[in-house]
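I have placed the structure first, in the form of structure tokens, so that the comments after it can refer back to it.
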Amino acid sequence: MIFGSEYVLSSEESEEYTSKISNFVDEKMHEIAETENTGDTTRIALMAAFDIADQIARQRTRHGEDRIRIDKALKRLEQHIDDKKK
């Protein structure tokens, strides 16, 4: 159940995983509904989708930044090892 409505969801993932994602969306919609003064379910769903997309984009940015730092650290380590071999 998502925001009071039943949906039949089909996924290649397990039922447990699909339920977990459904619950996440439901919680996000209820969170938005509590802070917004609207009963428009479509607006709430859109705002929840935007918020979830924002979270994903921020996570990807952090992941990319982490990857750059790791690559730089590996290069420094490789250079240090090469210098010690000489």
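Chains: A, B, ... in order of the structure tokens. Residues: from 1 per chain. Ligands: from 1, in order shown.
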Item to check | Val8 (chain A) surroundings by only C-alpha atoms, 12 Å radius, close-in-sequence under 4 positions cut, as number ranges by chain | outcome: A: 1-2, 15, 18-19, 22
Write out the residues from the selection above, keeping N, CA and C atoms, as a PDB file, in the first residue's frame.
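Written out: part_25.pdb:
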```pdb
ATOM      1  N   MET A   1       0.849  -1.171   0.000  1.00  0.00           N
ATOM      2  CA  MET A   1       0.000   0.000   0.000  1.00  0.00           C
ATOM      3  C   MET A   1       0.898   1.239   0.000  1.00  0.00           C
ATOM      4  N   ILE A   2       0.611   2.160  -0.906  1.00  0.00           N
ATOM      5  CA  ILE A   2       1.354   3.408  -0.985  1.00  0.00           C
ATOM      6  C   ILE A   2       0.360   4.552  -0.854  1.00  0.00           C
ATOM      7  N   GLU A  15      10.159 -10.124  -3.391  1.00  0.00           N
ATOM      8  CA  GLU A  15       8.974  -9.485  -2.817  1.00  0.00           C
ATOM      9  C   GLU A  15       9.373  -8.620  -1.622  1.00  0.00           C
ATOM     10  N   THR A  18      10.881  -5.370  -2.971  1.00  0.00           N
ATOM     11  CA  THR A  18       9.825  -4.540  -3.545  1.00  0.00           C
ATOM     12  C   THR A  18       8.983  -3.910  -2.442  1.00  0.00           C
ATOM     13  N   SER A  19       8.695  -4.673  -1.414  1.00  0.00           N
ATOM     14  CA  SER A  19       7.939  -4.155  -0.277  1.00  0.00           C
ATOM     15  C   SER A  19       8.718  -3.056   0.442  1.00  0.00           C
ATOM     16  N   SER A  22       8.467   0.038  -1.669  1.00  0.00           N
ATOM     17  CA  SER A  22       7.106   0.575  -1.555  1.00  0.00           C
ATOM     18  C   SER A  22       6.929   1.314  -0.235  1.00  0.00           C
TER      19      SER A  22
END
```
Checklist entry - Could you write out, as a PyMOL selection string, all the residues of chain A that DSSP marks as alpha helix (DSSP H)? => result chain A and resi 15-35+41-85
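Interatomic distance, CA of Ile81 (chain A) against CA of Asp66 (chain A): 22.4 Å.
Between Thr42 (chain A) and the residues A:Lys20, A:Met29, A:Asp71, A:Glu65, the shortest atom-to-atom distance, using only C-alpha atoms, involves A:Met29.
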